[in-house]
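Working notes for the structure below.
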Amino acid sequence: MEAAQHGRAEISLKGKIRTILLTGKLCRKLLKYARKQKIASGEIFLTRSGKSLSRRQIWREMKQLCEKAGVEPSKVFPHNLRHLFALSFYKVCRDIVRLADILGHSSINTTRIYLVSTSEEHARQLDRLGLVT
């Protein structure tokens, strides 16, 4: 709840503290859901018994959603959402330095890993340049 109220969450992972920014629209939706569930503080998403969701439970939910969406569940991991965010953000802003800051990377080289393109993507980009007529 506190993260939704402040528009940011602080996550401690692998010895690092990462600040996760939440958009205004997401915060409004989270707060609306929390009010509906009569949650005033703490975690918003809980199990039926009121306990915290574990990483394993979230992963299982993702796999079930994939099956419904026709996505191969064996290719889906929670960390993939981070990669999807990085690619989406970069496509909009084209600023790898800002993306590195948002992802909490101390090195641009780490951020580059998230943006690696396939040779097919490179070929499509070259075709769009129209250098050969």
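Each chain of the structure tokens is named A, B, ... in the order shown, its residues numbered from 1; ligands are numbered from 1 in display order.
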
I need the alpha helix (DSSP H) residues of chain A per DSSP on the backbone, written as a PyMOL selection string. chain A and resi 2-6+24-36+55-69+78-93+96-103+108-114+119-129

Would you please give, as a PyMOL selection string, all residues of chain A that DSSP assigns to strand (DSSP E or B) based on the backbone? chain A and resi 8-13+16-21+46+52

Segment 100-113 of chain A surroundings by only C-alpha atoms, 10 Å radius, close-in-sequence under 6 positions cut, as a list in words: Lys16, Ile17, Arg18, Thr19, Ile20, Leu21, Arg82, His83, Phe85, Ala86 and Phe89 of chain A

Applying 7 Å and only C-alpha atoms, which residues near segment 31-41 of chain A remain after dropping the ones on its own chain fewer than 6 positions away? List them as a JSON list (two decimals) with N, CA and C atoms, in the first residue's frame.
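The resulting file, selection_33.json, is shown below:
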```json
[["chain", "number", "residue", "atom", "x", "y", "z"],
["A", 1, "MET", "N", 0.82, -1.20, 0.00],
["A", 1, "MET", "CA", 0.00, 0.00, 0.00],
["A", 1, "MET", "C", 0.86, 1.26, 0.00],
["A", 2, "GLU", "N", 1.89, 1.23, 0.82],
["A", 2, "GLU", "CA", 2.73, 2.41, 0.94],
["A", 2, "GLU", "C", 3.40, 2.75, -0.39],
["A", 4, "ALA", "N", 2.22, 2.13, -3.40],
["A", 4, "ALA", "CA", 1.19, 2.69, -4.27],
["A", 4, "ALA", "C", 0.86, 4.13, -3.86]]
```

Within 12 Å of Arg55 of chain A, counting only C-alpha atoms, which residues qualify if same-chain residues fewer than 5 places away don't, as a list in words? Arg60, Glu61, Met62, Phe77, Pro78 and His79 of chain A
